[in-house]
Structures are given as C-alpha cells and as structure tokens.
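Here is the structure we will look at, set down as structure tokens.
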Protein chains: 2
Amino acid sequence: MPEKDATKRTGAPAHGEGRRELRKPERQLSRQVSIKDIARLARVSHPTVSRALQNSPLVNRATAAKIRKIAEAAGYRPSAVARGLVTRRTKTIGLVVTTVADPFAGAVACGVEQSANDHGYAVFLANSNANAEHERKMVQALAERRVDGMIVTSSRVGSDYLPMLAQLNVPMVLVNDQYPGEFVHSVMIANEDGSRAATTHLIQLGHRRIAYVGDRSGYQTETERLEGYKQALAGAGIEINPELAVHGDGRPDGAAEAMESLLKLAEPPTAVCCYNDMTALGAIRAIRARGLRVPEDISVTGFDDLFFAQYLEPPLTTVRQPMYRMGELAMENLLTLMSGKDSVAQVKVEAELIVRKSTSNVNGRGAGRRNG
Amino acid sequence: MPEKDATKRTGAPAHGEGRRELRKPERQLSRQVSIKDIARLARVSHPTVSRALQNSPLVNRATAAKIRKIAEAAGYRPSAVARGLVTRRTKTIGLVVTTVADPFAGAVACGVEQSANDHGYAVFLANSNANAEHERKMVQALAERRVDGMIVTSSRVGSDYLPMLAQLNVPMVLVNDQYPGEFVHSVMIANEDGSRAATTHLIQLGHRRIAYVGDRSGYQTETERLEGYKQALAGAGIEINPELAVHGDGRPDGAAEAMESLLKLAEPPTAVCCYNDMTALGAIRAIRARGLRVPEDISVTGFDDLFFAQYLEPPLTTVRQPMYRMGELAMENLLTLMSGKDSVAQVKVEAELIVRKSTSNVNGRGAGRRNG
DNA sequence: GTTGCTGCCGCAAACGTGTGCATAGCGGGT
DNA sequence: ACCCGCTATGCACACGTTTGCGGCAGCAAC
C-alpha cells in the first residue's frame, strides 16, 4: 500500500466503489487506527509505541513524548479487546439485576458502577427479570464475554451457583438473597435486625395485632424479614397469629391484594409490617380503598427506604438499606477477590429504622410528631 | 505436554507449587478451555471446530454433532473477545445515562437492555453524573471498548458530538435532549405538546395564574417544556408573567426552594406546571410546608409519570413518557444504523396527559372526581 | 484413463495488542 | 583491544477466534 495515504483519519465509509485492483477486497468495516499505524508514522516499531503509551521506563523520554503526540494527533484509541485477549484480563465486570427499572436495583447498580469506574473497570449490565433460567443464561453470556468478575443481586439461583462457578472459574459476589452457610461471597443487610426493629417500634406504640405482608416468591431476604417480625412478637410475649402473615408478590398490586384479605378479617390488624416499600405502597392503597386512614386507623412500615418514601403522604416509616453503599461494598469485595486474595465471605451492613409518620399510637394519636 | 492430562476441567487454581520443570513458568491466570483444546479432543483442526459450532454447512453432520457433544461436555464457551478481535464487531453497545439510580434513566435503560439482549447484544453501562466532561470521558472509554454503537440519554454534550463522532466513527443515538436540526439520530418525546396539554388542562380548570417550575441546568428538554407552557398561555390569551417562571435543579430539594419563592409572591399562583415529577415532589412539599393543600389551594402537574406518581397522595396529574418504549426505540434505531442502513434521524413519541387528582378547579372543587 | 465436480477438511493468515528476549549503540574501565 | 554494563529498540511470538483458499478423497462423465 502507498506510504502517504494515511494522512488524516480513516474517513467515512468509502462510498465510491473500489476498483478491486488490489489483491484483497477492501474490508467492509472501517478500520480503526491501530498501534501499527502510529508506529509507522513515528518511524518506530509497534512494541515501542505500546511501551511509550503505558509510560514504560524502557523507552526514551523524548521518543515517548513524540509518540504520544503523534498518537494524540491521530486520535488513536487502544483497543481494549485486543489488549484483553493478550493480557487475559478484560477490566470488565458483569452486573446482573432483576431489572434496572427497580429502584433498589438501580441504586445498587449506581454504587457498583461508580466504584468499578473508579478502578478502571467497565460494567456489563444484564437483567434477569427475576427468572432463574434467564439469570443462568445471563451469567453464561457474561462468562463468554470474559468478564473478570460478576455481581448478581437478588439471585434466583442461589446455591446452584456452586457447581456453575467451579466450571466458570469467575469470581462472583452476591448482594442480598444469599443462602447462609455457603462458600460464595456476598454482601447483605441485617434483615432480621431491621424487621425486628420495625416490629418492635410498632409494639412500643401499643400495637398488639400486627400483620406482616410478604413476598411469596421465596427470596431468602423475605424469609429473614419474616423471621425478624416473629422474633419481635415473641420477645414481647405476643402470640404469633398465622392468619396475620400474608404474602403478595413484592409489588404494589400483589401487596394490595394481600392487604385486602387482612382487612376482611373479623378483627383486622392495627398495624402492618411490610416486606419492602413497594409492598407498603400497595398496602396503603388497599387501606385507603376501604376508607381507612394511615396511620390513624392502621400503621404501616416498609423496608428499603427508597427515595420516594419520604415524599409519600404520610411519609413512610421504614428500614433504611444503604443501597448505594452496598453496591460499592460488593464491588470492593469483588476487587480484592479478583486480585487473587481471598476475601471475607459475607459482609453484613446494618439496618437503620427511619421513623416517619406512617406509624402512630394504637389509639390513633400521632407518634413522633413535633408540630401539628 | 502429555496427551492424557486434559481429562476433565482445567481445575481450580493450583495450590501446590509447580516444580518448574517445564520450560515456561505456568501462567498465573487460569487458562479457559479453548477451541484448540476441544479440537485436540475431537481429533480435528480448530477451524473445523469453529465451523461446527456455528452450524456451518461446510462440516459433515456427524462430525459436527460429535464436536458439539465434546464441546458441551468440556464446558467450552467461545471467547467473545477473541471473536470480536477478528470479526471487528463486538456485539456490544454502550449506554450512558446520568445515573441509573434515576427512575427515568432506569426505565429507559431497561428497555434498551431488553431489546439489545433480544438481538444478541450486551450493554456496557456508564454514568455521566450529568457532567459534560465526565460524559465525554465515558464515551471515549466506550470507544476504546470497541462498542458497535452507543446510546446516550439526557446528554450534556449535545452538539459537540458531531466532530467527536466523525473521529470515533461509531453509530450513536441520543434519547431526549437532542438539539434540533442536527444530523445525529435521536428519539425524543413531544415535549412542547405534553407541556402544552398539561397547561391547557389547568386553564380549562379555570386557572389563570399558572406558574412554571423548571430546571436551570439548561437541558433542551426543559427549554421545550417551558415553550409548551408559554404556548398554552398565549393560546388562551393569558399574559405571560416572567415572575411566575422559576427554576430549580430538577430534583425535589431545588424545586422546593424555587416553589417557596413563588409562594412568597404578593399574589401566589393557583396552579404550577412542573418540569418533571421529581420537581413536582419538591413543589408539593414546599406547598404543604406553608400549610396549603394540593389541589384545593394549588394544583400541581408533573412530567414523566414515574411509577410512584400514581401512589402519591393525591395521585399526581402528569404527562406520561413511555420510557421503556423509548429505550426500545433507541435500540431499534441503533440496530438499523449499525447494520449500515441509514435510519430515520429523529423519532418522536407522543406525550399523553394523565389526569389524576393533584389538579382541580380553581375554586377548589375537585375536577375529574368520580366518587367522593 | 483423464477430467471435473462435490463434499470435507486443514493450512495459514489475520485481528491489535503485550512482553520476553536478543541486540545495537555507547561510554568507561582495564 | 577487550569486556562490562546500561539504555533504548526491535524481533518474534502469544492470546483465541474467523475465513479464504487449496487439497484430497470419492465418484460420475467423457
């Protein structure tokens, strides 16, 4: 090929058709400027360019500066995929969530992304749609992408990962919904503590007939929160009434349905402890649909402290989950795992009860109110 | 190397230290099983394996079946990075959003991911943090990853992309905040129509003193919504009062501050048209802090119809933006762009006014109420 | 028996980078 | 003159795929 043709950029996809006088037909795909191109321009070998660009002390300062200048002018961007092939590390992680449209997942994803980015990692996003089969597919796909590690939130697969991981040989950390006593690394919140705190709060307000609205999908997280609720009742000497523990689907609509069944009881509860904020949303709607008021007639607690919780009317009493931080922690955990060091298996973050105005004394007088 | 060693999987990272009797020191990074490994197992050449795995008619059906079986048993997963290097297509796109923690961005991201996934593409997620400089960095980073295309939402860079794109040579589609009359492809909502509909709705309820709470950050989207607000007023013969158009920061806190300045006016508005739902959240809080009621004292409209809008008290009257669908559209648009075909430059989706209960007649009697 | 065709398969090159090793130049000490 | 050591550079691979092309059987047609 002619020497002087590479004057400027590779240009837009050639519209005029080539004459085919060259032996090889020209590639359809426009070629990016490569390390060899700028090696030719700088009249050095391409390894020298490679070294210059990563500030290796092996290359003369003057030549390095010249090379960098030329590369800059040519708009050269090293190919991460070629680098990944030879170094066997893609500087990439996979993040699988149920769906990023979910506020919880979104906040966690944000923390993961930020931390990953700070450490030079890019993140592949994948939705599992809370479907075990699909989740497995996504993990496989990420493995094909040769991610250096993976983070999966609210896994539907759980323990089945052990054989899979042995085969894939990719570091992985789970956030929430980790089955206890397994080898996989995870970061989770103290579900029992949080749920117990919320229920205890209701008990202290004088409630005795306290219901629980859960999620029937069988998340480990849910099991633990239900357990915390029971512990609180037991601790206060309140008998656990099975008809007061109902299950929705973790979303407002399903929760509303479950709440309605509670309201139809001969003696409805005076307070409900919800599996999460979404569930609380549905519960509150169902309560209002019956013409009842929150918290005057029924107190409600949530779990998560999604950002909108404080803007509800009344603002929602809930258990705060440091979602962003949990994402960061998962990433930090994964980083040490990827560096080969063995990391702490389970990191547990504290749950903090945030008392707002959706809970009040059982007689209906407000609790924790300052003015008005 | 011995012939019979590759019986099972590559095994866990060897803990016992190698004797170093082999010439080369063993690699730190555990080698994944490659196409050559299974070629050896199947006693064929590796190109044959490659062809067998992609169902090429060039290979005998029987051998193909045998190869696939062996590959399956060995847990072989082709390396997408090696394939990407040779085919020059990574089957990967980049998605940059302000932050996935934002409900709007999350919903769009969900649509993008789903559609991308359906077409065999993986998506790199990047947060711009609504910072132009950072956004540019992210785009560059994605280019280094050799993504086949990019989608960026709520861009802070806008028109500056033209020279950048010419250099990067990567198909790109913007969602929302595309400056009009430029060549870049985009999908956006009919901002003016939506805002005009909301304002007209307020006018029909008898309001004359209608305020606007915007976002001072200078998004094109905001400019257009303000314009729609003005058009509606002008169309009804209402004089546009500059002191009624204030600007927050698109988030509840900033919006509350802006709203307070409106409430301090000698003659406060009887209705406010908000730039988006987040802004409405802040506006409502400020209104209540003054002891006023929504909608009896002041009507409020939002924009976006984020999922929580229907759960507010009162449920928020707002302009629905089909966020998930917009993500899908962006991806579909990008797909045709990546296939080489030239695509329609701007796709515009309709805005739909959703009337709920945060708006009422100027005298305070409810509007659109059915019961109660 | 030569030619040609079809069906399978392997060779070799390529993609764009990183890196161990050899080597060239050069200055200094004996 | 020789050797040594240091600095800067190039050579030759390797990473794991895809793909154009040539080859080699087997078989039919002439």
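Chain lettering (A, B, ...) mirrors the order of the structure tokens, residue numbering begins at 1 for each chain separately, and ligand numbering begins at 1 in order of display.
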Specify as JSON, numbers by chain all residues of chain D found within 12 Å of chain A, counting only C-alpha atoms (C1' of nucleotides). {"D": [6, 7, 8, 9, 10, 11, 12, 13, 14, 15, 16, 17, 20]}
Within 8 Å of chain B, which residues belong to chain A? Use only C-alpha atoms and report them as a PyMOL selection string. chain A and resi 9+12+29+75+77-82+84-85+88+99-103+106-110+113-114+122-127+143-146+166-167+169+281+285+308+311-313
Could you pull out all residues of segment 299-353 of chain A with a DSSP call of strand (DSSP E) and give them as a PyMOL selection string? chain A and resi 299-301+318-320+346-349+352-353
Can I get the selected residues back with C-alpha atoms, as a PDB file, in the first residue's frame?
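So the final result, stored in result22.pdb, reads:
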```
ATOM      1  CA  SER A 299     -49.921   1.974  60.938  1.00  0.00           C
ATOM      2  CA  VAL A 300     -47.636   0.844  58.136  1.00  0.00           C
ATOM      3  CA  THR A 301     -43.890   0.205  57.937  1.00  0.00           C
ATOM      4  CA  THR A 318     -39.234   2.279  57.010  1.00  0.00           C
ATOM      5  CA  VAL A 319     -35.951   0.431  57.431  1.00  0.00           C
ATOM      6  CA  ARG A 320     -33.172   2.068  55.512  1.00  0.00           C
ATOM      7  CA  GLN A 346     -20.028 -12.345  53.999  1.00  0.00           C
ATOM      8  CA  VAL A 347     -20.215  -8.658  54.678  1.00  0.00           C
ATOM      9  CA  LYS A 348     -23.311  -7.592  56.503  1.00  0.00           C
ATOM     10  CA  VAL A 349     -24.457  -3.990  56.692  1.00  0.00           C
ATOM     11  CA  GLU A 352     -31.473   1.536  60.283  1.00  0.00           C
ATOM     12  CA  LEU A 353     -35.049   2.228  61.284  1.00  0.00           C
TER      13      LEU A 353
END
```
Residue nearest chain C among B:Asn191, B:Thr279, B:Gln321, B:Ser56 (counting only C-alpha atoms (C1' of nucleotides)):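 Closest to chain C of all the choices is B:Ser56.
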Write down, as a PyMOL selection string, each residue of chain C that has any atom within 8 Å of an atom of chain B, counting only C-alpha atoms (C1' of nucleotides). chain C and resi 7-10+14-16
At a cut-off of 10 Å, using only C-alpha atoms (C1' of nucleotides), what residues contact Thr317 of chain A? Leave out same-chain residues fewer than 6 positions from it and give the result as a PyMOL selection string. chain A and resi 198+201+277+280+299-303+305+309-310+353-360
Just write the chosen residues, C-alpha atoms, as an mmCIF file, in the first residue's frame.
```
data_model
loop_
_atom_site.group_PDB
_atom_site.id
_atom_site.type_symbol
_atom_site.label_atom_id
_atom_site.label_comp_id
_atom_site.auth_asym_id
_atom_site.auth_seq_id
_atom_site.Cartn_x
_atom_site.Cartn_y
_atom_site.Cartn_z
ATOM 1 C CA ALA A 198 -39.674 -2.107 62.745
ATOM 2 C CA HIS A 201 -41.327 0.036 67.045
ATOM 3 C CA ASP A 277 -41.513 -0.188 50.363
ATOM 4 C CA ALA A 280 -46.132 -0.782 51.598
ATOM 5 C CA SER A 299 -49.921 1.974 60.938
ATOM 6 C CA VAL A 300 -47.636 0.844 58.136
ATOM 7 C CA THR A 301 -43.890 0.205 57.937
ATOM 8 C CA GLY A 302 -41.785 -0.506 54.888
ATOM 9 C CA PHE A 303 -38.288 -1.731 54.165
ATOM 10 C CA ASP A 305 -36.188 3.499 52.217
ATOM 11 C CA ALA A 309 -40.590 7.055 50.815
ATOM 12 C CA GLN A 310 -40.037 10.463 52.349
ATOM 13 C CA LEU A 353 -35.049 2.228 61.284
ATOM 14 C CA ILE A 354 -36.274 5.556 59.961
ATOM 15 C CA VAL A 355 -39.325 6.722 61.877
ATOM 16 C CA ARG A 356 -41.599 8.986 59.888
ATOM 17 C CA LYS A 357 -45.331 9.460 60.042
ATOM 18 C CA SER A 358 -46.964 6.326 58.720
ATOM 19 C CA THR A 359 -46.892 4.854 62.226
ATOM 20 C CA SER A 360 -48.680 6.123 65.312
#
```
I'd like the contact shell of Met259 of chain B - 9 Å cut-off, only C-alpha atoms (C1' of nucleotides), skipping same-chain residues fewer than 2 positions apart - returned as a list of chain:residue names.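 Near neighbours after the sequence-gap exclusion: B:Val213, B:Val246, B:His247, B:Gly248, B:Gly254, B:Ala255, B:Ala256, B:Glu257, B:Ser261, B:Leu262, B:Leu263, B:Lys264, B:Val272, B:Gly282, B:Ala283, B:Ile284, B:Ala286, B:Ile287.
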Okay, now the selection with N, CA and C atoms, as a CSV table (one decimal), in the first residue's frame?
```csv
chain,number,residue,atom,x,y,z
B,213,VAL,N,-42.3,25.7,37.1
B,213,VAL,CA,-41.1,25.4,37.9
B,213,VAL,C,-40.2,24.5,37.0
B,246,VAL,N,-40.0,30.1,37.4
B,246,VAL,CA,-38.8,29.9,38.2
B,246,VAL,C,-38.1,28.6,37.9
B,247,HIS,N,-36.9,28.5,38.4
B,247,HIS,CA,-36.1,27.3,38.1
B,247,HIS,C,-35.4,26.7,39.2
B,248,GLY,N,-35.7,25.4,39.4
B,248,GLY,CA,-35.0,24.6,40.4
B,248,GLY,C,-33.8,23.9,39.7
B,254,GLY,N,-34.2,21.3,45.2
B,254,GLY,CA,-34.0,22.5,44.4
B,254,GLY,C,-35.4,23.1,44.0
B,255,ALA,N,-36.3,22.2,43.7
B,255,ALA,CA,-37.6,22.5,43.3
B,255,ALA,C,-38.4,23.2,44.4
B,256,ALA,N,-38.2,22.6,45.6
B,256,ALA,CA,-38.9,23.1,46.8
B,256,ALA,C,-38.5,24.6,47.0
B,257,GLU,N,-37.2,24.8,46.9
B,257,GLU,CA,-36.7,26.2,47.0
B,257,GLU,C,-37.3,27.1,46.0
B,261,SER,N,-40.1,30.5,46.6
B,261,SER,CA,-40.1,31.9,46.1
B,261,SER,C,-41.4,32.3,45.4
B,262,LEU,N,-42.1,31.3,44.8
B,262,LEU,CA,-43.4,31.6,44.2
B,262,LEU,C,-44.4,31.9,45.3
B,263,LEU,N,-44.3,31.1,46.4
B,263,LEU,CA,-45.3,31.3,47.5
B,263,LEU,C,-45.1,32.6,48.2
B,264,LYS,N,-44.0,33.2,48.1
B,264,LYS,CA,-43.7,34.5,48.8
B,264,LYS,C,-44.2,35.6,48.0
B,272,VAL,N,-49.3,25.2,39.5
B,272,VAL,CA,-48.0,25.1,38.9
B,272,VAL,C,-47.8,23.9,38.0
B,282,GLY,N,-40.9,18.1,45.0
B,282,GLY,CA,-40.4,19.2,45.8
B,282,GLY,C,-41.4,20.3,45.9
B,283,ALA,N,-42.1,20.6,44.9
B,283,ALA,CA,-43.1,21.7,44.9
B,283,ALA,C,-44.2,21.4,45.9
B,284,ILE,N,-44.7,20.1,45.8
B,284,ILE,CA,-45.8,19.7,46.7
B,284,ILE,C,-45.3,19.9,48.2
B,286,ALA,N,-43.1,21.9,49.4
B,286,ALA,CA,-43.0,23.3,49.8
B,286,ALA,C,-44.4,23.9,50.0
B,287,ILE,N,-45.3,23.5,49.2
B,287,ILE,CA,-46.7,24.0,49.3
B,287,ILE,C,-47.3,23.5,50.7
```
Would you return as a VMD selection string the members of segment 44-77 of chain B that DSSP assigns to alpha helix (DSSP H) on this structure's backbone? chain B and resid 46 to 53 61 to 74
Take the residues that were just selected and, keeping C-alpha atoms, output them as a tab-separated table (two decimals), in the first residue's frame.
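Result file part.tsv:
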```
chain	number	residue	atom	x	y	z
B	46	HIS	CA	-9.61	-25.98	15.26
B	47	PRO	CA	-11.16	-24.29	12.24
B	48	THR	CA	-13.38	-27.31	11.88
B	49	VAL	CA	-14.48	-26.88	15.45
B	50	SER	CA	-15.22	-23.24	14.80
B	51	ARG	CA	-17.35	-24.13	11.82
B	52	ALA	CA	-19.12	-26.94	13.58
B	53	LEU	CA	-20.09	-24.67	16.43
B	61	ARG	CA	-23.20	-33.53	10.09
B	62	ALA	CA	-21.81	-36.46	12.01
B	63	THR	CA	-18.51	-34.81	12.90
B	64	ALA	CA	-20.33	-31.61	13.77
B	65	ALA	CA	-22.53	-33.48	16.19
B	66	LYS	CA	-19.56	-35.21	17.74
B	67	ILE	CA	-17.71	-31.93	18.13
B	68	ARG	CA	-20.68	-30.20	19.70
B	69	LYS	CA	-21.05	-33.03	22.15
B	70	ILE	CA	-17.42	-32.87	23.18
B	71	ALA	CA	-17.54	-29.10	23.48
B	72	GLU	CA	-20.61	-29.35	25.65
B	73	ALA	CA	-19.03	-31.93	27.90
B	74	ALA	CA	-15.87	-29.88	28.26
```
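For the pair atom CA of Asn361 of chain A and atom CA of His207 of chain A, the interatomic distance is 7.3 Å.
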